[in-house]
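Asker: My structure is in entry_25.txt, and what it holds is compact mmCIF, C-alpha atoms (C1' of nucleotides):
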# COMPACT_ATOMS: atom_id res chain seq x y z
CA MET A 1 18.31 -6.66 26.89
CA ALA A 2 21.50 -8.60 26.27
CA ILE A 3 20.47 -10.00 22.90
CA SER A 4 20.39 -7.45 20.09
CA SER A 5 16.91 -7.04 18.71
CA ASP A 6 18.18 -7.08 15.16
CA LEU A 7 19.28 -10.69 15.63
CA ILE A 8 15.77 -11.66 16.71
CA ARG A 9 13.98 -9.59 14.11
CA GLY A 10 11.56 -11.66 12.11
CA HIS A 11 11.26 -14.24 14.88
CA ILE A 12 8.98 -12.22 17.15
CA ASP A 13 5.81 -13.58 15.56
CA THR A 14 7.07 -17.13 15.87
CA ILE A 15 7.99 -16.63 19.53
CA ILE A 16 4.47 -15.39 20.24
CA MET A 17 2.79 -18.18 18.30
CA ALA A 18 4.98 -20.83 19.90
CA ARG A 19 3.85 -19.57 23.30
CA LEU A 20 0.20 -19.59 22.24
CA MET A 21 0.60 -23.23 21.16
CA LYS A 22 0.58 -23.99 24.89
CA GLY A 23 -2.64 -22.09 25.57
CA ASP A 24 -4.30 -18.69 25.57
CA THR A 25 -2.63 -15.86 27.38
CA TYR A 26 -2.33 -12.07 27.35
CA GLY A 27 0.35 -9.60 26.35
CA TYR A 28 1.74 -8.54 29.66
CA GLU A 29 1.99 -12.15 30.79
CA ILE A 30 3.93 -13.17 27.67
CA ASN A 31 6.56 -10.58 28.41
CA LYS A 32 6.82 -11.56 32.06
CA GLU A 33 7.33 -15.16 31.00
CA LEU A 34 10.01 -14.22 28.49
CA ARG A 35 11.94 -12.21 31.06
CA THR A 36 11.70 -15.03 33.57
CA ARG A 37 12.60 -17.80 31.15
CA THR A 38 15.65 -15.93 29.86
CA ASN A 39 16.73 -14.54 33.23
CA GLY A 40 16.22 -11.01 31.96
CA ALA A 41 18.35 -11.53 28.86
CA PHE A 42 15.43 -10.94 26.53
CA GLU A 43 12.09 -9.23 26.36
CA ILE A 44 9.82 -7.93 23.64
CA LYS A 45 9.24 -4.22 23.89
CA GLU A 46 5.60 -3.35 24.42
CA ALA A 47 5.20 -1.41 21.20
CA THR A 48 6.75 -4.32 19.32
CA LEU A 49 4.51 -6.81 21.05
CA TYR A 50 1.27 -5.03 20.31
CA SER A 51 2.19 -4.34 16.72
CA ALA A 52 2.92 -8.06 16.37
CA PHE A 53 -0.48 -8.89 17.85
CA ARG A 54 -2.16 -6.61 15.34
CA ARG A 55 -0.19 -8.14 12.48
CA LEU A 56 -0.98 -11.70 13.55
CA GLU A 57 -4.64 -10.97 14.12
CA SER A 58 -5.07 -9.31 10.72
CA SER A 59 -3.54 -12.44 9.18
CA ASP A 60 -6.07 -14.56 11.11
CA TYR A 61 -3.28 -16.42 12.88
CA ILE A 62 -4.61 -15.36 16.27
CA SER A 63 -7.91 -14.14 17.66
CA SER A 64 -8.52 -12.11 20.81
CA TYR A 65 -11.14 -11.61 23.51
CA TRP A 66 -11.47 -9.62 26.70
CA GLY A 67 -10.84 -12.13 29.43
CA PRO A 68 -11.67 -12.27 33.11
CA ASN A 69 -9.72 -9.56 34.92
CA GLU A 70 -9.21 -11.37 38.20
CA GLY A 71 -8.72 -8.43 40.50
CA GLY A 72 -6.58 -6.26 38.29
CA ALA A 73 -6.62 -4.34 35.06
CA ARG A 74 -8.57 -5.71 32.11
CA ARG A 75 -6.78 -8.28 29.99
CA ARG A 76 -7.01 -9.03 26.31
CA TYR A 77 -6.40 -12.72 25.80
CA TYR A 78 -5.03 -14.13 22.56
CA HIS A 79 -5.84 -17.47 21.01
CA LEU A 80 -3.97 -19.30 18.26
CA THR A 81 -6.32 -20.17 15.39
CA ASP A 82 -6.10 -23.35 13.32
CA LEU A 83 -4.51 -21.30 10.56
CA GLY A 84 -2.08 -19.94 13.15
CA ARG A 85 -1.09 -23.46 14.20
CA ILE A 86 -0.23 -24.31 10.64
CA GLU A 87 1.70 -21.08 10.18
CA CYS A 88 3.52 -21.64 13.43
CA SER A 89 4.78 -25.04 12.38
CA VAL A 90 5.86 -23.59 9.05
CA GLN A 91 7.82 -20.91 10.82
CA LEU A 92 9.35 -23.42 13.23
CA SER A 93 10.69 -25.36 10.26
CA ALA A 94 11.95 -22.10 8.79
CA TRP A 95 13.85 -21.48 12.00
CA CYS A 96 15.51 -24.90 11.76
CA GLU A 97 16.55 -24.16 8.19
CA THR A 98 17.80 -20.72 9.09
CA ARG A 99 19.77 -22.11 12.01
CA SER A 100 21.59 -24.72 9.96
CA LEU A 101 22.14 -22.23 7.16
CA LEU A 102 23.74 -19.70 9.47
CA ASP A 103 25.76 -22.37 11.26
CA ARG A 104 27.21 -23.26 7.89
CA LEU A 105 27.78 -19.74 6.63
CA LEU A 106 29.38 -18.49 9.82
CA GLN A 107 32.14 -21.06 9.83
CA THR A 108 35.44 -19.23 9.74
CA GLU A 109 37.40 -22.19 8.46
CA ASP A 110 36.75 -25.17 6.22
CA MET B 1 15.67 -17.23 -2.05
CA ALA B 2 14.10 -19.93 0.06
CA ILE B 3 15.05 -18.39 3.39
CA SER B 4 13.10 -15.28 4.32
CA SER B 5 15.38 -12.29 4.53
CA ASP B 6 13.80 -11.10 7.75
CA LEU B 7 15.08 -14.22 9.48
CA ILE B 8 18.63 -13.37 8.42
CA ARG B 9 18.38 -9.67 9.06
CA GLY B 10 21.08 -8.53 11.40
CA HIS B 11 23.33 -11.44 10.45
CA ILE B 12 24.41 -10.12 7.07
CA ASP B 13 27.42 -8.29 8.47
CA THR B 14 28.52 -11.38 10.36
CA ILE B 15 28.18 -13.57 7.27
CA ILE B 16 30.40 -11.18 5.32
CA MET B 17 32.99 -10.88 8.08
CA ALA B 18 33.07 -14.64 8.63
CA ARG B 19 33.88 -15.03 4.94
CA LEU B 20 36.59 -12.38 5.10
CA MET B 21 38.16 -14.28 8.01
CA LYS B 22 39.31 -16.77 5.36
CA GLY B 23 40.90 -14.13 3.16
CA ASP B 24 40.25 -11.07 1.01
CA THR B 25 37.62 -11.27 -1.67
CA TYR B 26 35.21 -9.08 -3.63
CA GLY B 27 31.46 -8.52 -3.61
CA TYR B 28 30.38 -10.48 -6.60
CA GLU B 29 32.46 -13.46 -5.53
CA ILE B 30 30.91 -13.51 -2.05
CA ASN B 31 27.47 -13.82 -3.56
CA LYS B 32 28.51 -16.55 -5.96
CA GLU B 33 30.00 -18.49 -3.06
CA LEU B 34 26.85 -18.08 -0.97
CA ARG B 35 24.65 -19.34 -3.78
CA THR B 36 26.92 -22.30 -4.40
CA ARG B 37 27.37 -23.23 -0.75
CA THR B 38 23.62 -23.13 -0.10
CA ASN B 39 22.59 -24.70 -3.41
CA GLY B 40 20.73 -21.55 -4.36
CA ALA B 41 18.76 -21.42 -1.11
CA PHE B 42 20.30 -18.13 -0.09
CA GLU B 43 21.95 -15.07 -1.51
CA ILE B 44 22.48 -11.50 -0.41
CA LYS B 45 20.83 -9.02 -2.73
CA GLU B 46 23.32 -6.67 -4.34
CA ALA B 47 21.87 -3.54 -2.81
CA THR B 48 22.01 -5.20 0.59
CA LEU B 49 25.57 -6.36 0.06
CA TYR B 50 26.96 -3.00 -0.92
CA SER B 51 25.16 -1.17 1.84
CA ALA B 52 26.66 -3.69 4.26
CA PHE B 53 30.12 -3.04 2.82
CA ARG B 54 29.67 0.68 3.34
CA ARG B 55 28.45 0.14 6.90
CA LEU B 56 31.34 -2.18 7.76
CA GLU B 57 33.93 0.08 6.19
CA SER B 58 32.68 3.17 7.99
CA SER B 59 32.99 1.20 11.24
CA ASP B 60 36.58 0.30 10.30
CA TYR B 61 35.78 -3.40 10.39
CA ILE B 62 36.86 -3.82 6.78
CA SER B 63 39.04 -1.93 4.31
CA SER B 64 38.92 -2.02 0.53
CA TYR B 65 41.21 -1.68 -2.46
CA TRP B 66 40.91 -2.00 -6.21
CA GLY B 67 42.36 -5.37 -6.98
CA PRO B 68 43.78 -6.98 -10.09
CA ASN B 69 41.02 -7.39 -12.64
CA GLU B 70 42.26 -10.55 -14.27
CA GLY B 71 40.61 -10.25 -17.65
CA GLY B 72 37.24 -8.97 -16.57
CA ALA B 73 35.57 -6.02 -14.96
CA ARG B 74 37.37 -4.15 -12.17
CA ARG B 75 37.04 -5.65 -8.71
CA ARG B 76 36.97 -3.96 -5.33
CA TYR B 77 38.51 -6.31 -2.80
CA TYR B 78 37.63 -6.21 0.86
CA HIS B 79 39.93 -6.97 3.78
CA LEU B 80 39.00 -7.69 7.39
CA THR B 81 40.84 -5.34 9.75
CA ASP B 82 42.10 -6.31 13.20
CA LEU B 83 39.15 -4.46 14.67
CA GLY B 84 36.93 -6.41 12.30
CA ARG B 85 38.34 -9.71 13.51
CA ILE B 86 37.49 -8.80 17.08
CA GLU B 87 34.01 -7.64 16.10
CA CYS B 88 33.48 -10.80 14.08
CA SER B 89 34.24 -13.06 17.02
CA VAL B 90 31.93 -10.97 19.19
CA GLN B 91 29.15 -11.40 16.67
CA LEU B 92 29.83 -15.11 16.35
CA SER B 93 29.31 -15.48 20.10
CA ALA B 94 26.16 -13.39 19.80
CA TRP B 95 24.90 -15.83 17.20
CA CYS B 96 25.48 -18.76 19.56
CA GLU B 97 23.55 -16.97 22.29
CA THR B 98 20.75 -16.05 19.93
CA ARG B 99 20.54 -19.60 18.67
CA SER B 100 20.19 -21.16 22.11
CA LEU B 101 17.77 -18.43 23.16
CA LEU B 102 15.49 -19.04 20.19
CA ASP B 103 15.76 -22.79 20.55
CA ARG B 104 14.46 -22.39 24.06
CA LEU B 105 11.74 -19.86 23.30
CA LEU B 106 10.37 -21.72 20.31
CA GLN B 107 9.66 -24.91 22.21
CA THR B 108 5.97 -25.64 21.93
CA GLU B 109 5.89 -27.91 24.94
CA ASP B 110 7.69 -28.15 28.26
C1' DT C 1 28.09 -5.93 -33.81
C1' DG C 2 25.56 -7.54 -30.22
C1' DA C 3 24.36 -10.75 -26.41
C1' DG C 4 25.66 -12.26 -22.10
C1' DA C 5 28.56 -12.55 -18.23
C1' DT C 6 31.19 -10.06 -14.87
C1' DA C 7 31.36 -6.35 -11.58
C1' DC C 8 30.29 -2.22 -9.42
C1' DC C 9 27.01 1.48 -7.65
C1' DT C 10 22.69 4.59 -6.18
C1' DC C 11 18.03 5.93 -5.10
C1' DG C 12 13.74 5.42 -3.04
C1' DT C 13 10.53 2.37 -0.71
C1' DC C 14 8.92 -0.83 2.62
C1' DT C 15 8.72 -3.19 6.98
C1' DG C 16 9.69 -4.29 11.77
C1' DT C 17 11.31 -2.43 16.03
C1' DC C 18 11.21 0.85 19.59
C1' DA C 19 11.28 5.31 22.49
C1' DA C 20 8.13 8.17 24.33
C1' DG C 21 4.03 9.18 25.51
C1' DG C 22 -0.73 8.10 27.11
C1' DT C 23 -5.14 5.76 29.73
C1' DA C 24 -7.48 2.89 33.28
C1' DT C 25 -7.87 -0.32 37.20
C1' DC C 26 -6.66 -2.45 41.54
C1' DT C 27 -3.91 -2.90 46.09
C1' DG C 28 -1.74 -1.32 50.02
C1' DT C 29 -0.17 2.36 53.07
C1' DC C 30 -0.46 6.60 55.66
C1' DG D 1 -9.50 9.67 51.33
C1' DA D 2 -5.18 10.42 48.93
C1' DC D 3 -1.38 8.74 46.83
C1' DA D 4 2.29 5.40 45.09
C1' DG D 5 3.10 1.51 42.60
C1' DA D 6 1.92 -2.45 40.08
C1' DT D 7 -0.84 -4.29 36.42
C1' DA D 8 -2.44 -3.91 31.71
C1' DC D 9 -3.50 -1.92 27.49
C1' DC D 10 -2.71 1.33 23.44
C1' DT D 11 -0.83 4.99 19.75
C1' DT D 12 2.34 7.90 17.31
C1' DG D 13 6.43 9.01 14.95
C1' DA D 14 11.16 7.98 13.89
C1' DC D 15 14.86 4.99 12.53
C1' DA D 16 17.60 1.38 10.36
C1' DG D 17 18.23 -2.54 7.40
C1' DA D 18 16.86 -5.07 3.20
C1' DC D 19 15.73 -4.73 -1.44
C1' DG D 20 13.52 -3.64 -6.20
C1' DA D 21 14.61 -1.08 -9.95
C1' DG D 22 17.52 1.21 -12.28
C1' DG D 23 22.20 2.55 -13.91
C1' DT D 24 27.50 2.20 -15.67
C1' DA D 25 31.63 -0.14 -17.58
C1' DT D 26 34.47 -4.03 -19.16
C1' DC D 27 35.49 -8.43 -21.30
C1' DT D 28 34.43 -12.74 -24.17
C1' DC D 29 32.54 -15.18 -27.78
C1' DA D 30 29.60 -16.02 -31.67
Represent the structure from my file as structure tokens, please.
Answerer:
Amino acid sequence: MAISSDLIRGHIDTIIMARLMKGDTYGYEINKELRTRTNGAFEIKEATLYSAFRRLESSDYISSYWGPNEGGARRRYYHLTDLGRIECSVQLSAWCETRSLLDRLLQTED
Amino acid sequence: MAISSDLIRGHIDTIIMARLMKGDTYGYEINKELRTRTNGAFEIKEATLYSAFRRLESSDYISSYWGPNEGGARRRYYHLTDLGRIECSVQLSAWCETRSLLDRLLQTED
DNA sequence: TGAGATACCTCGTCTGTCAAGGTATCTGTC
DNA sequence: GACAGATACCTTGACAGACGAGGTATCTCA
């Protein structure tokens, strides 16, 4: 992974929720998408991913169900709850704030 | 602090080095500046700050010296080394990459 | 004399990430 | 039928960074 995980830390949940905004999906698929979309520059490690799922589900931001395993291994699908949609938009705003904050603080000249 | 620390995690060292790019300064002053520049929205907790200093110094990215305490408590000044300047620019590029990556991944529609 | 600001430091805890390991199912090949 | 490889899920333990809580020492001003 080209991007250090410490720089992404704290944004994993938001990345997952932002994806679930577009529709239900399952863990393995999320990671495949991330690798594809970033040309291999970024992926969420499996252990990280599943611990995020557990965290999000215990906060009632997502719910899960065993979906149709169309000729393959069983899949646990995740769904963004109404509460999760609210939380997601909160975290998206937080990202915008963080971005402008860091842009300002990382200037090396005035 | 309005901005969650987990969103900044991993950028603390870069924030400090970016500040030291402008000239030597000391811990307490860095924090005052951060609070002022962000209107109180952000600060680095003292314990975090000093552990970052230790980390950066042991990597030879910064050096320190007891500076002139102009009518006040003693001050330990920090200086960005040549190695630190290189590392800082590396981390500034990493921030740009991270920013565009997250901007892409956090889109909730295509 | 004492409060408050300045300025530094340490210890222990918590949380998120990840390496390493595991299980089970399906597909295709020999 | 046996096996490799892909798909897909899960758990455990360790590590590193951030921070709360506590401490020390100096100076200023009332």
Asker: Could you write out chain B as a PDB file with C-alpha atoms, keeping the file's coordinate frame once it has been least-squares superposed on chain A using every ordered C-alpha pair?
Answerer:
ATOM      1  CA  MET B   1      18.212  -6.703  26.804  1.00  0.00           C
ATOM      2  CA  ALA B   2      21.421  -8.597  26.237  1.00  0.00           C
ATOM      3  CA  ILE B   3      20.434  -9.982  22.850  1.00  0.00           C
ATOM      4  CA  SER B   4      20.387  -7.441  20.043  1.00  0.00           C
ATOM      5  CA  SER B   5      16.900  -7.022  18.682  1.00  0.00           C
ATOM      6  CA  ASP B   6      18.106  -7.107  15.102  1.00  0.00           C
ATOM      7  CA  LEU B   7      19.212 -10.697  15.606  1.00  0.00           C
ATOM      8  CA  ILE B   8      15.692 -11.647  16.681  1.00  0.00           C
ATOM      9  CA  ARG B   9      13.896  -9.564  14.111  1.00  0.00           C
ATOM     10  CA  GLY B  10      11.551 -11.672  12.080  1.00  0.00           C
ATOM     11  CA  HIS B  11      11.241 -14.252  14.851  1.00  0.00           C
ATOM     12  CA  ILE B  12       8.965 -12.244  17.114  1.00  0.00           C
ATOM     13  CA  ASP B  13       5.794 -13.600  15.540  1.00  0.00           C
ATOM     14  CA  THR B  14       7.058 -17.154  15.863  1.00  0.00           C
ATOM     15  CA  ILE B  15       7.979 -16.650  19.518  1.00  0.00           C
ATOM     16  CA  ILE B  16       4.461 -15.406  20.243  1.00  0.00           C
ATOM     17  CA  MET B  17       2.767 -18.194  18.300  1.00  0.00           C
ATOM     18  CA  ALA B  18       4.964 -20.854  19.894  1.00  0.00           C
ATOM     19  CA  ARG B  19       3.822 -19.580  23.284  1.00  0.00           C
ATOM     20  CA  LEU B  20       0.178 -19.591  22.229  1.00  0.00           C
ATOM     21  CA  MET B  21       0.585 -23.229  21.160  1.00  0.00           C
ATOM     22  CA  LYS B  22       0.578 -24.004  24.894  1.00  0.00           C
ATOM     23  CA  GLY B  23      -2.630 -22.110  25.571  1.00  0.00           C
ATOM     24  CA  ASP B  24      -4.285 -18.694  25.562  1.00  0.00           C
ATOM     25  CA  THR B  25      -2.601 -15.864  27.378  1.00  0.00           C
ATOM     26  CA  TYR B  26      -2.320 -12.074  27.354  1.00  0.00           C
ATOM     27  CA  GLY B  27       0.349  -9.581  26.334  1.00  0.00           C
ATOM     28  CA  TYR B  28       1.747  -8.563  29.644  1.00  0.00           C
ATOM     29  CA  GLU B  29       2.007 -12.173  30.764  1.00  0.00           C
ATOM     30  CA  ILE B  30       3.949 -13.180  27.645  1.00  0.00           C
ATOM     31  CA  ASN B  31       6.570 -10.580  28.408  1.00  0.00           C
ATOM     32  CA  LYS B  32       6.837 -11.574  32.046  1.00  0.00           C
ATOM     33  CA  GLU B  33       7.329 -15.186  30.992  1.00  0.00           C
ATOM     34  CA  LEU B  34      10.010 -14.242  28.467  1.00  0.00           C
ATOM     35  CA  ARG B  35      11.934 -12.244  31.042  1.00  0.00           C
ATOM     36  CA  THR B  36      11.701 -15.043  33.573  1.00  0.00           C
ATOM     37  CA  ARG B  37      12.589 -17.836  31.164  1.00  0.00           C
ATOM     38  CA  THR B  38      15.644 -15.965  29.875  1.00  0.00           C
ATOM     39  CA  ASN B  39      16.716 -14.563  33.247  1.00  0.00           C
ATOM     40  CA  GLY B  40      16.207 -11.039  31.978  1.00  0.00           C
ATOM     41  CA  ALA B  41      18.336 -11.570  28.872  1.00  0.00           C
ATOM     42  CA  PHE B  42      15.425 -10.975  26.547  1.00  0.00           C
ATOM     43  CA  GLU B  43      12.081  -9.275  26.369  1.00  0.00           C
ATOM     44  CA  ILE B  44       9.830  -7.969  23.637  1.00  0.00           C
ATOM     45  CA  LYS B  45       9.269  -4.244  23.894  1.00  0.00           C
ATOM     46  CA  GLU B  46       5.627  -3.363  24.412  1.00  0.00           C
ATOM     47  CA  ALA B  47       5.287  -1.419  21.195  1.00  0.00           C
ATOM     48  CA  THR B  48       6.791  -4.349  19.327  1.00  0.00           C
ATOM     49  CA  LEU B  49       4.518  -6.829  21.054  1.00  0.00           C
ATOM     50  CA  TYR B  50       1.295  -5.031  20.304  1.00  0.00           C
ATOM     51  CA  SER B  51       2.219  -4.348  16.715  1.00  0.00           C
ATOM     52  CA  ALA B  52       2.942  -8.065  16.370  1.00  0.00           C
ATOM     53  CA  PHE B  53      -0.467  -8.882  17.847  1.00  0.00           C
ATOM     54  CA  ARG B  54      -2.137  -6.608  15.328  1.00  0.00           C
ATOM     55  CA  ARG B  55      -0.161  -8.150  12.470  1.00  0.00           C
ATOM     56  CA  LEU B  56      -0.965 -11.706  13.557  1.00  0.00           C
ATOM     57  CA  GLU B  57      -4.628 -10.960  14.109  1.00  0.00           C
ATOM     58  CA  SER B  58      -5.051  -9.301  10.730  1.00  0.00           C
ATOM     59  CA  SER B  59      -3.534 -12.440   9.184  1.00  0.00           C
ATOM     60  CA  ASP B  60      -6.060 -14.556  11.113  1.00  0.00           C
ATOM     61  CA  TYR B  61      -3.287 -16.426  12.887  1.00  0.00           C
ATOM     62  CA  ILE B  62      -4.611 -15.369  16.279  1.00  0.00           C
ATOM     63  CA  SER B  63      -7.912 -14.132  17.693  1.00  0.00           C
ATOM     64  CA  SER B  64      -8.504 -12.089  20.821  1.00  0.00           C
ATOM     65  CA  TYR B  65     -11.106 -11.592  23.520  1.00  0.00           C
ATOM     66  CA  TRP B  66     -11.417  -9.603  26.714  1.00  0.00           C
ATOM     67  CA  GLY B  67     -10.791 -12.103  29.437  1.00  0.00           C
ATOM     68  CA  PRO B  68     -11.608 -12.243  33.124  1.00  0.00           C
ATOM     69  CA  ASN B  69      -9.674  -9.538  34.922  1.00  0.00           C
ATOM     70  CA  GLU B  70      -9.170 -11.326  38.197  1.00  0.00           C
ATOM     71  CA  GLY B  71      -8.689  -8.376  40.501  1.00  0.00           C
ATOM     72  CA  GLY B  72      -6.528  -6.227  38.293  1.00  0.00           C
ATOM     73  CA  ALA B  73      -6.573  -4.311  35.067  1.00  0.00           C
ATOM     74  CA  ARG B  74      -8.532  -5.691  32.104  1.00  0.00           C
ATOM     75  CA  ARG B  75      -6.734  -8.284  30.013  1.00  0.00           C
ATOM     76  CA  ARG B  76      -6.986  -9.016  26.313  1.00  0.00           C
ATOM     77  CA  TYR B  77      -6.371 -12.711  25.794  1.00  0.00           C
ATOM     78  CA  TYR B  78      -5.013 -14.108  22.572  1.00  0.00           C
ATOM     79  CA  HIS B  79      -5.838 -17.468  21.015  1.00  0.00           C
ATOM     80  CA  LEU B  80      -3.979 -19.315  18.268  1.00  0.00           C
ATOM     81  CA  THR B  81      -6.329 -20.192  15.406  1.00  0.00           C
ATOM     82  CA  ASP B  82      -6.102 -23.368  13.334  1.00  0.00           C
ATOM     83  CA  LEU B  83      -4.526 -21.318  10.577  1.00  0.00           C
ATOM     84  CA  GLY B  84      -2.105 -19.970  13.160  1.00  0.00           C
ATOM     85  CA  ARG B  85      -1.101 -23.467  14.212  1.00  0.00           C
ATOM     86  CA  ILE B  86      -0.248 -24.333  10.632  1.00  0.00           C
ATOM     87  CA  GLU B  87       1.667 -21.088  10.159  1.00  0.00           C
ATOM     88  CA  CYS B  88       3.504 -21.648  13.424  1.00  0.00           C
ATOM     89  CA  SER B  89       4.768 -25.058  12.374  1.00  0.00           C
ATOM     90  CA  VAL B  90       5.834 -23.604   9.033  1.00  0.00           C
ATOM     91  CA  GLN B  91       7.801 -20.916  10.813  1.00  0.00           C
ATOM     92  CA  LEU B  92       9.322 -23.424  13.206  1.00  0.00           C
ATOM     93  CA  SER B  93      10.681 -25.367  10.231  1.00  0.00           C
ATOM     94  CA  ALA B  94      11.933 -22.103   8.760  1.00  0.00           C
ATOM     95  CA  TRP B  95      13.825 -21.487  11.975  1.00  0.00           C
ATOM     96  CA  CYS B  96      15.503 -24.895  11.729  1.00  0.00           C
ATOM     97  CA  GLU B  97      16.548 -24.146   8.161  1.00  0.00           C
ATOM     98  CA  THR B  98      17.788 -20.700   9.078  1.00  0.00           C
ATOM     99  CA  ARG B  99      19.743 -22.092  11.989  1.00  0.00           C
ATOM    100  CA  SER B 100      21.587 -24.700   9.943  1.00  0.00           C
ATOM    101  CA  LEU B 101      22.155 -22.187   7.155  1.00  0.00           C
ATOM    102  CA  LEU B 102      23.739 -19.656   9.495  1.00  0.00           C
ATOM    103  CA  ASP B 103      25.742 -22.318  11.275  1.00  0.00           C
ATOM    104  CA  ARG B 104      27.234 -23.208   7.935  1.00  0.00           C
ATOM    105  CA  LEU B 105      27.802 -19.673   6.685  1.00  0.00           C
ATOM    106  CA  LEU B 106      29.374 -18.427   9.887  1.00  0.00           C
ATOM    107  CA  GLN B 107      32.137 -21.006   9.917  1.00  0.00           C
ATOM    108  CA  THR B 108      35.438 -19.182   9.851  1.00  0.00           C
ATOM    109  CA  GLU B 109      37.390 -22.152   8.591  1.00  0.00           C
ATOM    110  CA  ASP B 110      36.744 -25.119   6.333  1.00  0.00           C
TER     111      ASP B 110
END
Asker: For chain A, report every residue with an atom at most 10 Å from chain C (counting all atoms listed in the file), formatted as a PyMOL selection string.
Answerer: chain A and resi 5-6+9-10+12+44-49+51-52+69-74
Asker: Can those selected residues be exported to a file as a PDB file, keeping the file's coordinate frame so that it contains C-alpha atoms?
Answerer:
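After the write, selection20.pdb holds the following:
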ATOM      1  CA  SER A   5      16.910  -7.040  18.710  1.00  0.00           C
ATOM      2  CA  ASP A   6      18.180  -7.080  15.160  1.00  0.00           C
ATOM      3  CA  ARG A   9      13.980  -9.590  14.110  1.00  0.00           C
ATOM      4  CA  GLY A  10      11.560 -11.660  12.110  1.00  0.00           C
ATOM      5  CA  ILE A  12       8.980 -12.220  17.150  1.00  0.00           C
ATOM      6  CA  ILE A  44       9.820  -7.930  23.640  1.00  0.00           C
ATOM      7  CA  LYS A  45       9.240  -4.220  23.890  1.00  0.00           C
ATOM      8  CA  GLU A  46       5.600  -3.350  24.420  1.00  0.00           C
ATOM      9  CA  ALA A  47       5.200  -1.410  21.200  1.00  0.00           C
ATOM     10  CA  THR A  48       6.750  -4.320  19.320  1.00  0.00           C
ATOM     11  CA  LEU A  49       4.510  -6.810  21.050  1.00  0.00           C
ATOM     12  CA  SER A  51       2.190  -4.340  16.720  1.00  0.00           C
ATOM     13  CA  ALA A  52       2.920  -8.060  16.370  1.00  0.00           C
ATOM     14  CA  ASN A  69      -9.720  -9.560  34.920  1.00  0.00           C
ATOM     15  CA  GLU A  70      -9.210 -11.370  38.200  1.00  0.00           C
ATOM     16  CA  GLY A  71      -8.720  -8.430  40.500  1.00  0.00           C
ATOM     17  CA  GLY A  72      -6.580  -6.260  38.290  1.00  0.00           C
ATOM     18  CA  ALA A  73      -6.620  -4.340  35.060  1.00  0.00           C
ATOM     19  CA  ARG A  74      -8.570  -5.710  32.110  1.00  0.00           C
TER      20      ARG A  74
END
Asker: Can you pull out every residue within 10 Å of A:Gln91, counting all atoms listed in the file, but drop anything in the same chain fewer than 5 positions away, and send it as a list of chain:residue names?
Answerer: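 My reading of the contact set: A:His11, A:Asp13, A:Thr14, A:Ile15, A:Met17, A:Ala18, A:Arg85, A:Ile86, A:Cys96, A:Glu97, B:Leu7, B:Leu106.
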Asker: Using all atoms listed in the file, determine which residues lie at most 9 Å from A:Gly23, disregarding the query and same-chain residues fewer than 2 positions distant; provide the list as a list in words.
Answerer: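 Here the answer would be Arg19, Leu20, Met21, Thr25, Tyr78, His79 and Leu80 of chain A.
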Asker: Hey, can you check how far atom CA of A:Ile30 sits from atom CA of A:Ile16?
Answerer: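 Separation between atom CA of A:Ile30 and atom CA of A:Ile16: 7.8 Å.
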Asker: Can you tell me how far atom CA of B:Leu102 sits from atom CA of A:Trp95, in Å to one decimal?
Answerer: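 Taking atom CA of B:Leu102 and atom CA of A:Trp95, their separation equals 8.7 Å.
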Asker: Residues of chain D within 8 Å of chain B, counting all atoms listed in the file - could you list those as a list in words?
Answerer: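 For chain D, the answer reads DG17, DA18, DC19, DA25, DT26 and DC27 of chain D.
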Asker: Figure out the distance between atom CA of B:Asp24 and atom CA of B:Arg54, please, to one decimal in Å.
Answerer: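 Spanning atom CA of B:Arg54 to atom CA of B:Asp24 is a straight-line distance of 16.0 Å.
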Asker: Using only C-alpha atoms (C1' of nucleotides) and a cutoff of 8 Å, can you tell me which residues are near (1.7, -0.9, 29.9) in the file's coordinates, and write them out as a VMD selection string?
Answerer: (chain A and resid 28 46) or (chain D and resid 7 to 9)
Asker: Store the residues picked out above in a file with C-alpha atoms (C1' of nucleotides), as a short mmCIF file (atom, residue, chain, number, x, y, z; two decimals), in the coordinates of the input.
Answerer:
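Output contents, as saved in again-v3.cif:
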data_model
loop_
_atom_site.label_atom_id
_atom_site.label_comp_id
_atom_site.auth_asym_id
_atom_site.auth_seq_id
_atom_site.Cartn_x
_atom_site.Cartn_y
_atom_site.Cartn_z
CA TYR A 28 1.74 -8.54 29.66
CA GLU A 46 5.60 -3.35 24.42
"C1'" DT D 7 -0.84 -4.29 36.42
"C1'" DA D 8 -2.44 -3.91 31.71
"C1'" DC D 9 -3.50 -1.92 27.49
#
Asker: Taking only C-alpha atoms into account, which of A:Lys32, A:Arg37, A:Arg75, A:Arg55 comes nearest chain B?
Answerer: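 For chain B, the nearest of the candidates is A:Arg37.
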